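S.K.: Next up is a structure, given as C-alpha coordinates.
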Amino acid sequence: MNTILNIIWLVFAGFWMAVGYAVAGIVCCVLIITIPFGIASFRMANYVLWPFGRTVVDHPNAGAWSTIGNIVWLVVAGWWLAIGHLVTGIALCVTIIGIPMGIASFKLIPISLLPLGKEIVSTDRPFGAY
(Lines give C-alpha, C1' and ligand atoms only; values in the text may rest on other atoms or scores of the structure.)
Protein backbone atom coordinates (compact mmCIF):
# COMPACT_ATOMS: atom_id res chain seq x y z
CA MET A 1 0.00 0.00 0.00
CA ASN A 2 2.86 2.39 0.84
CA THR A 3 4.37 1.94 -2.59
CA ILE A 4 1.12 2.71 -4.40
CA LEU A 5 0.49 5.79 -2.25
CA ASN A 6 4.07 6.96 -2.74
CA ILE A 7 3.90 6.59 -6.53
CA ILE A 8 0.64 8.53 -6.73
CA TRP A 9 2.08 11.15 -4.37
CA LEU A 10 5.28 11.42 -6.41
CA VAL A 11 3.39 12.02 -9.65
CA PHE A 12 0.86 14.55 -8.36
CA ALA A 13 2.71 16.47 -5.64
CA GLY A 14 5.95 14.97 -4.39
CA PHE A 15 8.22 15.90 -7.26
CA TRP A 16 7.21 19.58 -7.31
CA MET A 17 7.38 19.93 -3.55
CA ALA A 18 10.81 18.26 -3.50
CA VAL A 19 11.99 20.74 -6.14
CA GLY A 20 10.85 23.55 -3.82
CA TYR A 21 12.82 22.07 -0.92
CA ALA A 22 15.86 21.56 -3.15
CA VAL A 23 15.76 25.18 -4.31
CA ALA A 24 15.51 26.31 -0.68
CA GLY A 25 18.46 24.04 0.14
CA ILE A 26 20.58 25.46 -2.66
CA VAL A 27 19.79 29.01 -1.57
CA CYS A 28 20.66 28.14 2.03
CA CYS A 29 23.97 26.58 1.01
CA VAL A 30 25.17 29.83 -0.57
CA LEU A 31 26.30 31.20 2.80
CA ILE A 32 28.44 29.16 5.16
CA ILE A 33 26.36 30.00 8.21
CA THR A 34 23.13 28.69 6.63
CA ILE A 35 24.51 25.34 5.43
CA PRO A 36 22.73 23.43 8.28
CA PHE A 37 19.45 24.81 6.94
CA GLY A 38 20.37 23.61 3.46
CA ILE A 39 21.12 20.13 4.76
CA ALA A 40 17.78 20.07 6.59
CA SER A 41 16.05 21.21 3.42
CA PHE A 42 17.64 18.43 1.34
CA ARG A 43 16.64 15.90 4.02
CA MET A 44 13.05 17.14 3.84
CA ALA A 45 13.14 17.01 0.02
CA ASN A 46 13.94 13.31 0.31
CA TYR A 47 11.08 12.85 2.77
CA VAL A 48 8.60 14.75 0.58
CA LEU A 49 9.44 12.58 -2.43
CA TRP A 50 8.48 9.35 -0.66
CA PRO A 51 6.59 10.17 2.60
CA PHE A 52 4.34 7.15 3.14
CA GLY A 53 5.91 4.51 5.36
CA ARG A 54 8.02 7.11 7.17
CA THR A 55 7.25 9.53 9.97
CA VAL A 56 8.83 12.50 11.71
CA VAL A 57 9.75 12.35 15.39
CA ASP A 58 11.49 14.78 17.71
CA HIS A 59 15.24 14.25 17.93
CA PRO A 60 16.11 13.46 21.56
CA ASN A 61 19.27 15.61 21.63
CA ALA A 62 17.77 18.74 20.02
CA GLY A 63 18.52 21.77 22.12
CA ALA A 64 18.24 25.52 22.11
CA TRP A 65 20.19 25.87 18.85
CA SER A 66 17.53 23.96 16.97
CA THR A 67 14.86 26.27 18.41
CA ILE A 68 16.81 29.34 17.32
CA GLY A 69 17.44 27.74 13.93
CA ASN A 70 13.74 26.97 13.52
CA ILE A 71 12.89 30.62 14.11
CA VAL A 72 15.38 31.70 11.44
CA TRP A 73 14.13 28.97 9.09
CA LEU A 74 10.51 30.02 9.62
CA VAL A 75 11.30 33.58 8.59
CA VAL A 76 13.57 32.75 5.65
CA ALA A 77 12.07 29.68 3.94
CA GLY A 78 9.57 27.85 6.13
CA TRP A 79 6.51 29.89 5.39
CA TRP A 80 7.11 29.70 1.62
CA LEU A 81 7.23 25.92 1.77
CA ALA A 82 4.18 25.80 4.06
CA ILE A 83 2.25 27.89 1.53
CA GLY A 84 3.34 25.41 -1.15
CA HIS A 85 1.97 22.52 0.90
CA LEU A 86 -1.25 24.42 1.56
CA VAL A 87 -1.85 25.23 -2.12
CA THR A 88 -0.91 21.69 -3.17
CA GLY A 89 -3.23 20.21 -0.54
CA ILE A 90 -6.14 22.35 -1.66
CA ALA A 91 -5.53 21.42 -5.31
CA LEU A 92 -5.36 17.72 -4.45
CA CYS A 93 -8.57 17.86 -2.40
CA VAL A 94 -10.55 19.02 -5.44
CA THR A 95 -10.91 15.38 -6.56
CA ILE A 96 -12.15 12.45 -4.52
CA ILE A 97 -9.04 10.40 -5.31
CA GLY A 98 -6.74 13.24 -4.29
CA ILE A 99 -8.25 13.82 -0.83
CA PRO A 100 -5.85 11.44 1.01
CA MET A 101 -2.92 13.07 -0.77
CA GLY A 102 -4.26 16.52 0.12
CA ILE A 103 -4.51 15.56 3.77
CA ALA A 104 -0.95 14.24 3.62
CA SER A 105 0.17 17.57 2.17
CA PHE A 106 -1.56 19.45 4.99
CA LYS A 107 0.16 17.24 7.55
CA LEU A 108 3.57 18.08 6.08
CA ILE A 109 3.10 21.76 6.92
CA PRO A 110 4.48 21.51 10.51
CA ILE A 111 7.74 19.89 9.35
CA SER A 112 8.11 22.52 6.64
CA LEU A 113 7.75 25.27 9.22
CA LEU A 114 10.00 23.84 11.96
CA PRO A 115 12.36 21.18 10.54
CA LEU A 116 15.33 21.37 12.89
CA GLY A 117 15.33 19.02 15.85
CA LYS A 118 13.29 16.44 13.95
CA GLU A 119 14.25 13.01 12.67
CA ILE A 120 12.69 11.01 9.83
CA VAL A 121 12.20 7.34 10.70
CA SER A 122 10.58 4.35 9.03
CA THR A 123 7.28 3.04 10.28
CA ASP A 124 5.28 -0.07 9.53
CA ARG A 125 1.94 1.76 9.56
CA PRO A 126 0.64 2.73 6.10
CA PHE A 127 -0.12 6.30 7.05
CA GLY A 128 2.79 6.79 9.50
CA ALA A 129 2.46 10.33 10.78
CA TYR A 130 -0.80 10.86 8.95
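Residue numbering restarts at 1 in every chain; chains get A, B, ... in the order shown in the C-alpha coordinates, and ligands count up from 1 in that same order.
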Please list as an NGL selection string every residue within 9 Å of region 48-60 of chain A, counting only C-alpha atoms and excluding residues in the same chain fewer than 6 positions away.
M.R.: :A and (1-3 or 5-7 or 9-10 or 13-18 or 21 or 104 or 108 or 111 or 116-130)
S.K.: For Ser105 (chain A), list every protein, DNA or RNA residue within 7 Å, evaluated using only C-alpha atoms, and leave out those in the same chain fewer than 2 positions away; present the list as a PDB file with N, CA, C and O atoms, in the first residue's frame.
M.R.:
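Just written: result_16.pdb:
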```pdb
ATOM      1  N   HIS A  85       2.729  23.684   0.450  1.00  0.00           N
ATOM      2  CA  HIS A  85       1.968  22.517   0.899  1.00  0.00           C
ATOM      3  C   HIS A  85       0.481  22.839   0.993  1.00  0.00           C
ATOM      4  O   HIS A  85      -0.359  21.997   0.657  1.00  0.00           O
ATOM      5  N   THR A  88      -0.894  23.050  -2.609  1.00  0.00           N
ATOM      6  CA  THR A  88      -0.913  21.693  -3.175  1.00  0.00           C
ATOM      7  C   THR A  88      -2.017  20.855  -2.541  1.00  0.00           C
ATOM      8  O   THR A  88      -2.727  20.125  -3.234  1.00  0.00           O
ATOM      9  N   GLY A  89      -2.174  20.961  -1.226  1.00  0.00           N
ATOM     10  CA  GLY A  89      -3.227  20.210  -0.537  1.00  0.00           C
ATOM     11  C   GLY A  89      -4.616  20.601  -0.998  1.00  0.00           C
ATOM     12  O   GLY A  89      -5.478  19.747  -1.203  1.00  0.00           O
ATOM     13  N   MET A 101      -4.185  12.392  -0.481  1.00  0.00           N
ATOM     14  CA  MET A 101      -2.920  13.071  -0.770  1.00  0.00           C
ATOM     15  C   MET A 101      -2.953  14.516  -0.275  1.00  0.00           C
ATOM     16  O   MET A 101      -1.950  15.043   0.207  1.00  0.00           O
ATOM     17  N   GLY A 102      -4.107  15.163  -0.388  1.00  0.00           N
ATOM     18  CA  GLY A 102      -4.258  16.523   0.116  1.00  0.00           C
ATOM     19  C   GLY A 102      -4.097  16.581   1.621  1.00  0.00           C
ATOM     20  O   GLY A 102      -3.434  17.473   2.161  1.00  0.00           O
ATOM     21  N   ILE A 103      -4.658  15.618   2.304  1.00  0.00           N
ATOM     22  CA  ILE A 103      -4.510  15.556   3.767  1.00  0.00           C
ATOM     23  C   ILE A 103      -3.053  15.324   4.133  1.00  0.00           C
ATOM     24  O   ILE A 103      -2.526  15.930   5.068  1.00  0.00           O
ATOM     25  N   LYS A 107      -0.563  17.735   6.375  1.00  0.00           N
ATOM     26  CA  LYS A 107       0.156  17.241   7.547  1.00  0.00           C
ATOM     27  C   LYS A 107       1.668  17.410   7.428  1.00  0.00           C
ATOM     28  O   LYS A 107       2.383  17.223   8.401  1.00  0.00           O
ATOM     29  N   LEU A 108       2.146  17.773   6.246  1.00  0.00           N
ATOM     30  CA  LEU A 108       3.569  18.077   6.077  1.00  0.00           C
ATOM     31  C   LEU A 108       3.883  19.535   6.394  1.00  0.00           C
ATOM     32  O   LEU A 108       5.054  19.916   6.455  1.00  0.00           O
ATOM     33  N   ILE A 109       2.875  20.345   6.623  1.00  0.00           N
ATOM     34  CA  ILE A 109       3.098  21.759   6.922  1.00  0.00           C
ATOM     35  C   ILE A 109       3.923  21.967   8.197  1.00  0.00           C
ATOM     36  O   ILE A 109       4.861  22.765   8.188  1.00  0.00           O
TER      37      ILE A 109
END
```
S.K.: Let's see if you can do this: from backbone DSSP, list all alpha helix (DSSP H) residues in chain A, as a PyMOL selection string.
M.R.: chain A and resi 2-9+15-28+35-49+64-73+79-92+99-107+109-113
S.K.: Hey, what does DSSP flag as strand (DSSP E or B) within region 1-126 of chain A? Can you give it to me as a PyMOL selection string?
M.R.: chain A and resi 54-58+118-122
S.K.: For Trp80 (chain A), find every residue with an atom within 12 Å (counting only C-alpha atoms), except residues of its own chain fewer than 4 positions away, and show them as a list in words.
M.R.: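 My reading of the contact set: Met17, Gly20, Tyr21, Val23, Ala24, Trp73, Leu74, Val75, Val76, Gly84, His85, Leu86, Val87, Ile109, Ser112 and Leu113 of chain A.
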S.K.: Would you mind exporting N, CA, C and O atoms of the selected residues as a PDB file, in the first residue's frame?
M.R.:
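result-v3.pdb written:
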```pdb
ATOM      1  N   MET A  17       7.049  19.471  -4.898  1.00  0.00           N
ATOM      2  CA  MET A  17       7.380  19.933  -3.551  1.00  0.00           C
ATOM      3  C   MET A  17       8.859  19.671  -3.242  1.00  0.00           C
ATOM      4  O   MET A  17       9.525  20.482  -2.614  1.00  0.00           O
ATOM      5  N   GLY A  20      10.897  22.366  -4.679  1.00  0.00           N
ATOM      6  CA  GLY A  20      10.850  23.551  -3.817  1.00  0.00           C
ATOM      7  C   GLY A  20      11.821  23.449  -2.664  1.00  0.00           C
ATOM      8  O   GLY A  20      12.543  24.411  -2.344  1.00  0.00           O
ATOM      9  N   TYR A  21      11.871  22.278  -2.023  1.00  0.00           N
ATOM     10  CA  TYR A  21      12.819  22.070  -0.921  1.00  0.00           C
ATOM     11  C   TYR A  21      14.257  22.108  -1.426  1.00  0.00           C
ATOM     12  O   TYR A  21      15.139  22.627  -0.746  1.00  0.00           O
ATOM     13  N   VAL A  23      15.426  23.779  -4.029  1.00  0.00           N
ATOM     14  CA  VAL A  23      15.760  25.182  -4.307  1.00  0.00           C
ATOM     15  C   VAL A  23      16.066  25.916  -3.000  1.00  0.00           C
ATOM     16  O   VAL A  23      17.046  26.669  -2.912  1.00  0.00           O
ATOM     17  N   ALA A  24      15.244  25.689  -1.988  1.00  0.00           N
ATOM     18  CA  ALA A  24      15.506  26.307  -0.678  1.00  0.00           C
ATOM     19  C   ALA A  24      16.851  25.834  -0.131  1.00  0.00           C
ATOM     20  O   ALA A  24      17.609  26.620   0.457  1.00  0.00           O
ATOM     21  N   TRP A  73      14.675  29.702  10.220  1.00  0.00           N
ATOM     22  CA  TRP A  73      14.127  28.966   9.087  1.00  0.00           C
ATOM     23  C   TRP A  73      12.708  29.416   8.770  1.00  0.00           C
ATOM     24  O   TRP A  73      12.342  29.595   7.611  1.00  0.00           O
ATOM     25  N   LEU A  74      11.892  29.602   9.804  1.00  0.00           N
ATOM     26  CA  LEU A  74      10.511  30.016   9.617  1.00  0.00           C
ATOM     27  C   LEU A  74      10.438  31.340   8.863  1.00  0.00           C
ATOM     28  O   LEU A  74       9.643  31.499   7.942  1.00  0.00           O
ATOM     29  N   VAL A  75      11.309  32.264   9.226  1.00  0.00           N
ATOM     30  CA  VAL A  75      11.299  33.584   8.592  1.00  0.00           C
ATOM     31  C   VAL A  75      11.833  33.516   7.160  1.00  0.00           C
ATOM     32  O   VAL A  75      11.273  34.128   6.253  1.00  0.00           O
ATOM     33  N   VAL A  76      12.897  32.747   6.943  1.00  0.00           N
ATOM     34  CA  VAL A  76      13.566  32.746   5.647  1.00  0.00           C
ATOM     35  C   VAL A  76      12.863  31.858   4.616  1.00  0.00           C
ATOM     36  O   VAL A  76      12.587  32.289   3.500  1.00  0.00           O
ATOM     37  N   GLY A  84       3.326  26.408  -0.080  1.00  0.00           N
ATOM     38  CA  GLY A  84       3.337  25.410  -1.153  1.00  0.00           C
ATOM     39  C   GLY A  84       2.558  24.167  -0.778  1.00  0.00           C
ATOM     40  O   GLY A  84       1.793  23.630  -1.587  1.00  0.00           O
ATOM     41  N   HIS A  85       2.729  23.684   0.450  1.00  0.00           N
ATOM     42  CA  HIS A  85       1.968  22.517   0.899  1.00  0.00           C
ATOM     43  C   HIS A  85       0.481  22.839   0.993  1.00  0.00           C
ATOM     44  O   HIS A  85      -0.359  21.997   0.657  1.00  0.00           O
ATOM     45  N   LEU A  86       0.149  24.033   1.442  1.00  0.00           N
ATOM     46  CA  LEU A  86      -1.251  24.421   1.560  1.00  0.00           C
ATOM     47  C   LEU A  86      -1.923  24.482   0.184  1.00  0.00           C
ATOM     48  O   LEU A  86      -2.998  23.903  -0.016  1.00  0.00           O
ATOM     49  N   VAL A  87      -1.282  25.124  -0.768  1.00  0.00           N
ATOM     50  CA  VAL A  87      -1.845  25.233  -2.125  1.00  0.00           C
ATOM     51  C   VAL A  87      -1.939  23.852  -2.772  1.00  0.00           C
ATOM     52  O   VAL A  87      -2.950  23.508  -3.401  1.00  0.00           O
ATOM     53  N   ILE A 109       2.875  20.345   6.623  1.00  0.00           N
ATOM     54  CA  ILE A 109       3.098  21.759   6.922  1.00  0.00           C
ATOM     55  C   ILE A 109       3.923  21.967   8.197  1.00  0.00           C
ATOM     56  O   ILE A 109       4.861  22.765   8.188  1.00  0.00           O
ATOM     57  N   SER A 112       7.561  21.484   7.517  1.00  0.00           N
ATOM     58  CA  SER A 112       8.111  22.516   6.635  1.00  0.00           C
ATOM     59  C   SER A 112       8.341  23.818   7.392  1.00  0.00           C
ATOM     60  O   SER A 112       9.218  24.596   7.038  1.00  0.00           O
ATOM     61  N   LEU A 113       7.580  24.050   8.426  1.00  0.00           N
ATOM     62  CA  LEU A 113       7.749  25.267   9.223  1.00  0.00           C
ATOM     63  C   LEU A 113       8.889  25.152  10.229  1.00  0.00           C
ATOM     64  O   LEU A 113       9.638  26.104  10.425  1.00  0.00           O
TER      65      LEU A 113
END
```
S.K.: Which is closest to Val19 (chain A) among A:Leu81, A:Leu31, A:Asn70, A:Ile4, if we use only C-alpha atoms?
M.R.: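 Of A:Leu81, A:Leu31, A:Asn70, A:Ile4, the one nearest Val19 (chain A) is A:Leu81, counting only C-alpha atoms.
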S.K.: Between CA of Ala62 (chain A) and CA of Phe106 (chain A), what is the spacing in Å?
M.R.: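 Atom-to-atom, CA of Phe106 (chain A) to CA of Ala62 (chain A), that is 24.5 Å.
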S.K.: Work out how far CA of Val30 (chain A) is from CA of Ile71 (chain A), in Å to one decimal.
M.R.: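 Pair CA of Ile71 (chain A) / CA of Val30 (chain A) returns 19.2 Å.
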S.K.: Work out how far apart CA of Gly25 (chain A) and CA of Leu92 (chain A) are and give it in Å to one decimal.
M.R.: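 A separation of 25.1 Å between them.
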